[in-house]
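Undergrad: Data: upload20.txt, compact mmCIF, N, CA and C atoms.
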# COMPACT_ATOMS: atom_id res chain seq x y z
N MET J 1 72.59 228.58 104.55
CA MET J 1 73.61 227.55 104.60
C MET J 1 73.25 226.56 105.70
N LYS J 2 73.35 225.26 105.38
CA LYS J 2 73.00 224.21 106.33
C LYS J 2 74.16 223.95 107.29
N ALA J 3 73.84 223.88 108.56
CA ALA J 3 74.89 223.62 109.57
C ALA J 3 75.36 222.19 109.47
N GLN J 4 76.66 222.01 109.58
CA GLN J 4 77.24 220.67 109.59
C GLN J 4 77.08 220.05 110.97
N PRO J 5 76.77 218.75 111.04
CA PRO J 5 76.70 218.14 112.36
C PRO J 5 78.09 218.10 112.99
N PRO J 6 78.14 218.11 114.32
CA PRO J 6 79.46 218.05 114.96
C PRO J 6 80.15 216.73 114.62
N PRO J 7 81.47 216.73 114.58
CA PRO J 7 82.17 215.48 114.29
C PRO J 7 81.86 214.42 115.35
N LEU J 8 81.80 213.20 114.90
CA LEU J 8 81.51 212.08 115.79
C LEU J 8 82.69 211.85 116.72
N GLU J 9 82.43 211.77 118.01
CA GLU J 9 83.50 211.53 118.97
C GLU J 9 83.48 210.08 119.43
N LEU J 10 84.48 209.35 119.00
CA LEU J 10 84.64 207.96 119.39
C LEU J 10 85.69 207.88 120.49
N PRO J 11 85.63 206.85 121.33
CA PRO J 11 86.70 206.66 122.31
C PRO J 11 88.05 206.51 121.60
N PRO J 12 89.12 207.01 122.20
CA PRO J 12 90.45 206.98 121.56
C PRO J 12 90.89 205.61 121.02
N PRO J 13 90.66 204.49 121.72
CA PRO J 13 91.12 203.21 121.14
C PRO J 13 90.43 202.86 119.82
N ILE J 14 89.15 203.22 119.70
CA ILE J 14 88.41 202.94 118.47
C ILE J 14 88.92 203.84 117.34
N THR J 15 89.09 205.12 117.65
CA THR J 15 89.62 206.06 116.66
C THR J 15 91.00 205.61 116.19
N ALA J 16 91.86 205.23 117.11
CA ALA J 16 93.22 204.80 116.76
C ALA J 16 93.19 203.54 115.90
N TYR J 17 92.32 202.58 116.27
CA TYR J 17 92.22 201.33 115.51
C TYR J 17 91.78 201.60 114.07
N TRP J 18 90.69 202.34 113.89
CA TRP J 18 90.19 202.58 112.54
C TRP J 18 91.13 203.47 111.73
N SER J 19 91.78 204.41 112.36
CA SER J 19 92.75 205.24 111.65
C SER J 19 93.88 204.36 111.09
N ALA J 20 94.40 203.47 111.93
CA ALA J 20 95.47 202.58 111.50
C ALA J 20 94.98 201.58 110.45
N ALA J 21 93.83 200.97 110.71
CA ALA J 21 93.29 199.96 109.78
C ALA J 21 92.96 200.58 108.43
N ASN J 22 92.38 201.78 108.41
CA ASN J 22 92.03 202.43 107.15
C ASN J 22 93.26 202.77 106.32
N SER J 23 94.41 202.86 106.95
CA SER J 23 95.67 203.17 106.26
C SER J 23 96.55 201.93 106.09
N ALA J 24 95.99 200.75 106.39
CA ALA J 24 96.71 199.47 106.26
C ALA J 24 97.97 199.43 107.12
N ARG J 25 97.94 200.10 108.27
CA ARG J 25 99.06 200.04 109.22
C ARG J 25 98.75 198.89 110.19
N ILE J 26 99.09 197.69 109.78
CA ILE J 26 98.70 196.46 110.47
C ILE J 26 99.21 196.43 111.91
N ASP J 27 100.48 196.73 112.12
CA ASP J 27 101.04 196.67 113.47
C ASP J 27 100.36 197.66 114.40
N GLU J 28 100.10 198.88 113.91
CA GLU J 28 99.42 199.88 114.74
C GLU J 28 97.99 199.45 115.06
N ALA J 29 97.30 198.89 114.08
CA ALA J 29 95.93 198.44 114.31
C ALA J 29 95.91 197.31 115.34
N THR J 30 96.83 196.38 115.23
CA THR J 30 96.91 195.26 116.17
C THR J 30 97.21 195.75 117.58
N ALA J 31 98.05 196.76 117.70
CA ALA J 31 98.44 197.29 119.01
C ALA J 31 97.28 197.93 119.78
N CYS J 32 96.17 198.19 119.11
CA CYS J 32 95.00 198.78 119.77
C CYS J 32 94.24 197.75 120.61
N PHE J 33 94.58 196.47 120.45
CA PHE J 33 93.89 195.39 121.15
C PHE J 33 94.68 194.93 122.37
N ALA J 34 93.97 194.59 123.43
CA ALA J 34 94.58 194.04 124.63
C ALA J 34 95.17 192.67 124.31
N ALA J 35 96.12 192.22 125.12
CA ALA J 35 96.78 190.93 124.90
C ALA J 35 95.80 189.76 124.92
N ASN J 36 94.72 189.88 125.68
CA ASN J 36 93.73 188.80 125.78
C ASN J 36 92.45 189.14 125.01
N ALA J 37 92.55 190.01 124.02
CA ALA J 37 91.38 190.46 123.25
C ALA J 37 90.80 189.35 122.40
N VAL J 38 89.51 189.53 122.07
CA VAL J 38 88.78 188.61 121.22
C VAL J 38 88.05 189.42 120.16
N VAL J 39 88.11 188.94 118.90
CA VAL J 39 87.36 189.53 117.80
C VAL J 39 86.42 188.46 117.26
N HIS J 40 85.15 188.83 117.12
CA HIS J 40 84.16 187.92 116.53
C HIS J 40 83.65 188.57 115.25
N ASP J 41 83.97 187.95 114.11
CA ASP J 41 83.60 188.51 112.81
C ASP J 41 83.26 187.38 111.86
N GLU J 42 82.13 187.50 111.17
CA GLU J 42 81.68 186.51 110.18
C GLU J 42 81.73 185.09 110.75
N SER J 43 81.15 184.91 111.91
CA SER J 43 81.05 183.60 112.57
C SER J 43 82.40 182.98 112.92
N ARG J 44 83.44 183.79 112.94
CA ARG J 44 84.76 183.30 113.33
C ARG J 44 85.24 184.09 114.53
N ILE J 45 85.99 183.40 115.39
CA ILE J 45 86.54 184.03 116.59
C ILE J 45 88.06 184.06 116.46
N HIS J 46 88.62 185.23 116.74
CA HIS J 46 90.07 185.43 116.69
C HIS J 46 90.48 185.91 118.08
N GLN J 47 91.34 185.15 118.75
CA GLN J 47 91.70 185.48 120.13
C GLN J 47 93.21 185.62 120.25
N GLY J 48 93.62 186.72 120.88
CA GLY J 48 95.04 186.97 121.12
C GLY J 48 95.69 187.73 119.96
N PRO J 49 96.85 188.30 120.22
CA PRO J 49 97.52 189.18 119.25
C PRO J 49 97.85 188.53 117.91
N VAL J 50 98.30 187.29 117.92
CA VAL J 50 98.68 186.64 116.66
C VAL J 50 97.46 186.42 115.78
N ALA J 51 96.39 185.91 116.37
CA ALA J 51 95.16 185.64 115.61
C ALA J 51 94.52 186.95 115.13
N ILE J 52 94.52 187.96 115.98
CA ILE J 52 93.91 189.24 115.60
C ILE J 52 94.73 189.91 114.50
N ARG J 53 96.04 189.84 114.60
CA ARG J 53 96.89 190.41 113.54
C ARG J 53 96.61 189.69 112.22
N GLY J 54 96.49 188.38 112.26
CA GLY J 54 96.18 187.60 111.06
C GLY J 54 94.84 188.01 110.46
N TRP J 55 93.85 188.24 111.31
CA TRP J 55 92.53 188.67 110.86
C TRP J 55 92.63 190.05 110.18
N ILE J 56 93.36 190.97 110.79
CA ILE J 56 93.51 192.31 110.21
C ILE J 56 94.24 192.23 108.87
N GLU J 57 95.31 191.44 108.81
CA GLU J 57 96.07 191.28 107.56
C GLU J 57 95.20 190.70 106.45
N GLU J 58 94.49 189.64 106.77
CA GLU J 58 93.65 188.96 105.78
C GLU J 58 92.55 189.88 105.26
N THR J 59 91.88 190.56 106.19
CA THR J 59 90.80 191.47 105.81
C THR J 59 91.33 192.61 104.95
N THR J 60 92.47 193.16 105.32
CA THR J 60 93.07 194.26 104.56
C THR J 60 93.47 193.80 103.17
N ARG J 61 94.10 192.64 103.07
CA ARG J 61 94.54 192.12 101.78
C ARG J 61 93.36 191.81 100.87
N GLN J 62 92.33 191.17 101.41
CA GLN J 62 91.19 190.76 100.59
C GLN J 62 90.28 191.91 100.18
N TYR J 63 90.01 192.83 101.11
CA TYR J 63 88.94 193.79 100.89
C TYR J 63 89.35 195.26 100.88
N GLN J 64 90.55 195.59 101.33
CA GLN J 64 90.98 196.99 101.46
C GLN J 64 89.87 197.85 102.07
N PRO J 65 89.36 197.46 103.23
CA PRO J 65 88.21 198.18 103.80
C PRO J 65 88.57 199.57 104.31
N ILE J 66 87.63 200.47 104.15
CA ILE J 66 87.70 201.80 104.72
C ILE J 66 86.42 201.96 105.55
N VAL J 67 86.59 202.31 106.80
CA VAL J 67 85.46 202.41 107.73
C VAL J 67 85.25 203.88 108.10
N GLU J 68 83.99 204.30 108.01
CA GLU J 68 83.61 205.65 108.41
C GLU J 68 82.47 205.55 109.42
N ALA J 69 82.74 205.93 110.65
CA ALA J 69 81.73 205.84 111.70
C ALA J 69 80.58 206.79 111.41
N LEU J 70 79.36 206.29 111.61
CA LEU J 70 78.16 207.08 111.38
C LEU J 70 77.48 207.49 112.69
N GLY J 71 77.57 206.62 113.69
CA GLY J 71 76.92 206.90 114.96
C GLY J 71 77.48 206.00 116.05
N VAL J 72 77.35 206.45 117.29
CA VAL J 72 77.85 205.67 118.41
C VAL J 72 76.95 205.88 119.62
N LYS J 73 76.75 204.81 120.37
CA LYS J 73 76.07 204.92 121.65
C LYS J 73 76.69 203.92 122.61
N GLU J 74 76.58 204.24 123.88
CA GLU J 74 77.12 203.37 124.91
C GLU J 74 75.96 202.61 125.53
N GLN J 75 76.13 201.29 125.65
CA GLN J 75 75.07 200.46 126.21
C GLN J 75 75.68 199.21 126.83
N ASP J 76 75.31 198.94 128.05
CA ASP J 76 75.78 197.73 128.75
C ASP J 76 77.29 197.58 128.74
N GLY J 77 77.99 198.70 128.92
CA GLY J 77 79.45 198.66 128.98
C GLY J 77 80.14 198.52 127.64
N ARG J 78 79.38 198.62 126.56
CA ARG J 78 79.96 198.50 125.22
C ARG J 78 79.69 199.78 124.43
N HIS J 79 80.55 200.03 123.47
CA HIS J 79 80.34 201.14 122.53
C HIS J 79 79.81 200.52 121.25
N LEU J 80 78.58 200.85 120.92
CA LEU J 80 77.94 200.32 119.72
C LEU J 80 78.07 201.37 118.62
N VAL J 81 78.77 200.99 117.56
CA VAL J 81 79.09 201.93 116.49
C VAL J 81 78.51 201.42 115.18
N SER J 82 77.74 202.28 114.52
CA SER J 82 77.32 201.98 113.14
C SER J 82 78.32 202.66 112.23
N ALA J 83 78.66 201.99 111.14
CA ALA J 83 79.69 202.53 110.26
C ALA J 83 79.44 202.13 108.82
N LEU J 84 79.85 202.98 107.91
CA LEU J 84 79.80 202.69 106.50
C LEU J 84 81.16 202.07 106.14
N VAL J 85 81.12 200.87 105.59
CA VAL J 85 82.35 200.16 105.23
C VAL J 85 82.37 199.99 103.71
N SER J 86 83.43 200.51 103.10
CA SER J 86 83.59 200.35 101.66
C SER J 86 84.89 199.60 101.41
N GLY J 87 84.96 198.98 100.25
CA GLY J 87 86.15 198.22 99.91
C GLY J 87 85.91 197.41 98.65
N THR J 88 86.74 196.40 98.45
CA THR J 88 86.67 195.58 97.24
C THR J 88 85.89 194.31 97.52
N PHE J 89 84.67 194.44 97.96
CA PHE J 89 83.81 193.29 98.23
C PHE J 89 82.44 193.56 97.60
N PRO J 90 81.71 192.49 97.28
CA PRO J 90 80.40 192.66 96.66
C PRO J 90 79.47 193.47 97.57
N GLY J 91 78.73 194.38 96.96
CA GLY J 91 77.76 195.18 97.71
C GLY J 91 78.34 196.41 98.38
N SER J 92 79.62 196.66 98.19
CA SER J 92 80.26 197.83 98.81
C SER J 92 79.65 199.10 98.27
N PRO J 93 79.42 200.08 99.13
CA PRO J 93 79.60 200.08 100.59
C PRO J 93 78.38 199.50 101.31
N VAL J 94 78.62 199.06 102.54
CA VAL J 94 77.54 198.53 103.38
C VAL J 94 77.63 199.17 104.77
N GLU J 95 76.50 199.23 105.43
CA GLU J 95 76.49 199.70 106.81
C GLU J 95 76.61 198.48 107.71
N LEU J 96 77.61 198.50 108.57
CA LEU J 96 77.82 197.42 109.54
C LEU J 96 77.75 197.99 110.94
N HIS J 97 77.58 197.10 111.90
CA HIS J 97 77.49 197.50 113.30
C HIS J 97 78.58 196.79 114.08
N PHE J 98 79.25 197.55 114.93
CA PHE J 98 80.39 197.07 115.69
C PHE J 98 80.11 197.28 117.17
N ALA J 99 80.40 196.27 117.97
CA ALA J 99 80.26 196.38 119.43
C ALA J 99 81.66 196.25 120.03
N PHE J 100 82.14 197.34 120.61
CA PHE J 100 83.48 197.38 121.20
C PHE J 100 83.36 197.34 122.72
N THR J 101 84.14 196.49 123.36
CA THR J 101 84.33 196.52 124.81
C THR J 101 85.75 196.99 125.03
N LEU J 102 85.88 198.05 125.82
CA LEU J 102 87.19 198.64 126.06
C LEU J 102 87.63 198.41 127.50
N LYS J 103 88.94 198.32 127.69
CA LYS J 103 89.49 198.19 129.04
C LYS J 103 90.88 198.79 129.05
N GLU J 104 91.11 199.71 129.98
CA GLU J 104 92.42 200.32 130.18
C GLU J 104 93.03 200.84 128.88
N GLY J 105 92.20 201.54 128.08
CA GLY J 105 92.70 202.18 126.88
C GLY J 105 92.94 201.28 125.69
N GLN J 106 92.44 200.05 125.76
CA GLN J 106 92.60 199.12 124.63
C GLN J 106 91.27 198.43 124.34
N ILE J 107 91.20 197.82 123.18
CA ILE J 107 90.02 197.06 122.79
C ILE J 107 90.15 195.67 123.39
N LEU J 108 89.19 195.30 124.22
CA LEU J 108 89.18 193.98 124.84
C LEU J 108 88.35 192.99 124.01
N ARG J 109 87.28 193.49 123.40
CA ARG J 109 86.41 192.65 122.59
C ARG J 109 85.81 193.49 121.47
N LEU J 110 85.77 192.89 120.28
CA LEU J 110 85.13 193.51 119.13
C LEU J 110 84.23 192.48 118.49
N GLU J 111 82.98 192.85 118.34
CA GLU J 111 82.01 191.99 117.65
C GLU J 111 81.47 192.78 116.46
N VAL J 112 81.61 192.19 115.28
CA VAL J 112 81.01 192.78 114.10
C VAL J 112 79.65 192.11 113.95
N VAL J 113 78.61 192.91 114.15
CA VAL J 113 77.24 192.35 114.20
C VAL J 113 76.38 192.86 113.07
Starting from the file, lay out its structure as C-alpha cells.

TA:
Amino acid sequence: MKAQPPPLELPPPITAYWSAANSARIDEATACFAANAVVHDESRIHQGPVAIRGWIEETTRQYQPIVEALGVKEQDGRHLVSALVSGTFPGSPVELHFAFTLKEGQILRLEVV
C-alpha cells in the first residue's frame, strides 16, 4: 500500500480564504483580507474591502472556481502557493501560482501569477 503524503499545511488566513471562497461565502472570504489589502489578478488591481469583495463576487459568479493547494513555500516574506483551479472557464482545470503576503493574521497582498 502506497503511503499518502501528509496534508498540506497552509497559514490559517490562506486556508480560511480558500475554504470560504470555494463555498461561495463571499463575506467570509472578504474578511480574510486586511482593510488596506491589495489583490493583483489578470493585470487588474483591486484595493480595499469594497474592491476586493467585488473581485471575489465577480470571479465566483463567472467561474465558480474551486482551488486545491498543491504546494507551498515561503520566500522573501511571502507564501508562494501552487494550486489546481477548476471551474467554468476554458481550459479548466489549470495550475496557477499565488503569492500571499500576510500581516497580523490577514492577507495584506495577493498576487495571482

Undergrad: Just list the residues in chain J DSSP gives alpha helix (DSSP H) on the backbone, as an MDAnalysis selection string.

TA: chainID J and resid 12:22 26:31 49:63

Undergrad: Can you measure atom N of Arg61 (chain J) to atom N of Val81 (chain J) for me? One decimal in Å is fine.

TA: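 A separation of 22.7 Å between them.
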
Undergrad: Considering all atoms listed in the file, can you say which of J:Arg53, J:Lys103, J:Gln64, J:Ala83 comes closest to Ile26 (chain J)?

TA: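 Once distances to Ile26 (chain J) are computed over all atoms listed in the file, the minimum belongs to J:Arg53.
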
Undergrad: Go ahead and compute the interatomic distance for CA of Ser86 (chain J) and atom N of Ser19 (chain J), in Å to one decimal.

TA: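 The value is 14.1 Å.
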
Undergrad: Calculated over all atoms listed in the file, which of the candidates J:Phe98, J:Ala29, J:Trp18, J:Asp76 has the smallest distance to Val112 (chain J)?

TA: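 When distances to Val112 (chain J) are compared using all atoms listed in the file, the smallest one comes from J:Phe98.
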
Undergrad: Return the single residue from J:Gln106, J:His40, J:Phe33, J:Gln62 that is closest to Pro90 (chain J), with distances computed using only C-alpha atoms.

TA: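 Closest candidate: J:Gln62.
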
Undergrad: Could you state the separation of CA of Leu70 (chain J) and CA of Ala31 (chain J) in Å, given to one decimal place?

TA: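 So the two atoms, CA of Leu70 (chain J) and CA of Ala31 (chain J), lie 23.8 Å apart.
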
Undergrad: Find the spatial neighbours of His79 (chain J), counting only C-alpha atoms, within a cut-off of 8 Å - ignore same-chain residues fewer than 4 positions away - and output them as a ChimeraX atom specification.

TA: /J:72-75,98-101

Undergrad: Which one of J:Ala34, J:Ile45, J:Ala21, J:Val39 sits closest to Glu68 (chain J) if you count only C-alpha atoms?

TA: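 Of J:Ala34, J:Ile45, J:Ala21, J:Val39, the one nearest Glu68 (chain J) is J:Ala21, counting only C-alpha atoms.
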
Undergrad: Can you pull out every residue from region 55-101 of chain J that DSSP, working from the backbone, puts in strand (DSSP E or B), and format the result as a PyMOL selection string?

TA: chain J and resi 66-75+78-86+94-101

Undergrad: Let me make sure I understand: among J:Glu58, J:Asp41, J:Pro49, J:Glu95, which one has the smallest atom-to-atom distance to Glu111 (chain J) if we use all atoms listed in the file?

TA: J:Asp41

Undergrad: When distances are computed from only C-alpha atoms, which of J:Ile107, J:Leu96, J:Ile56, J:Ala37 shows the smallest separation from Ala69 (chain J)?

TA: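 So, comparing all the options, the nearest one is J:Leu96.
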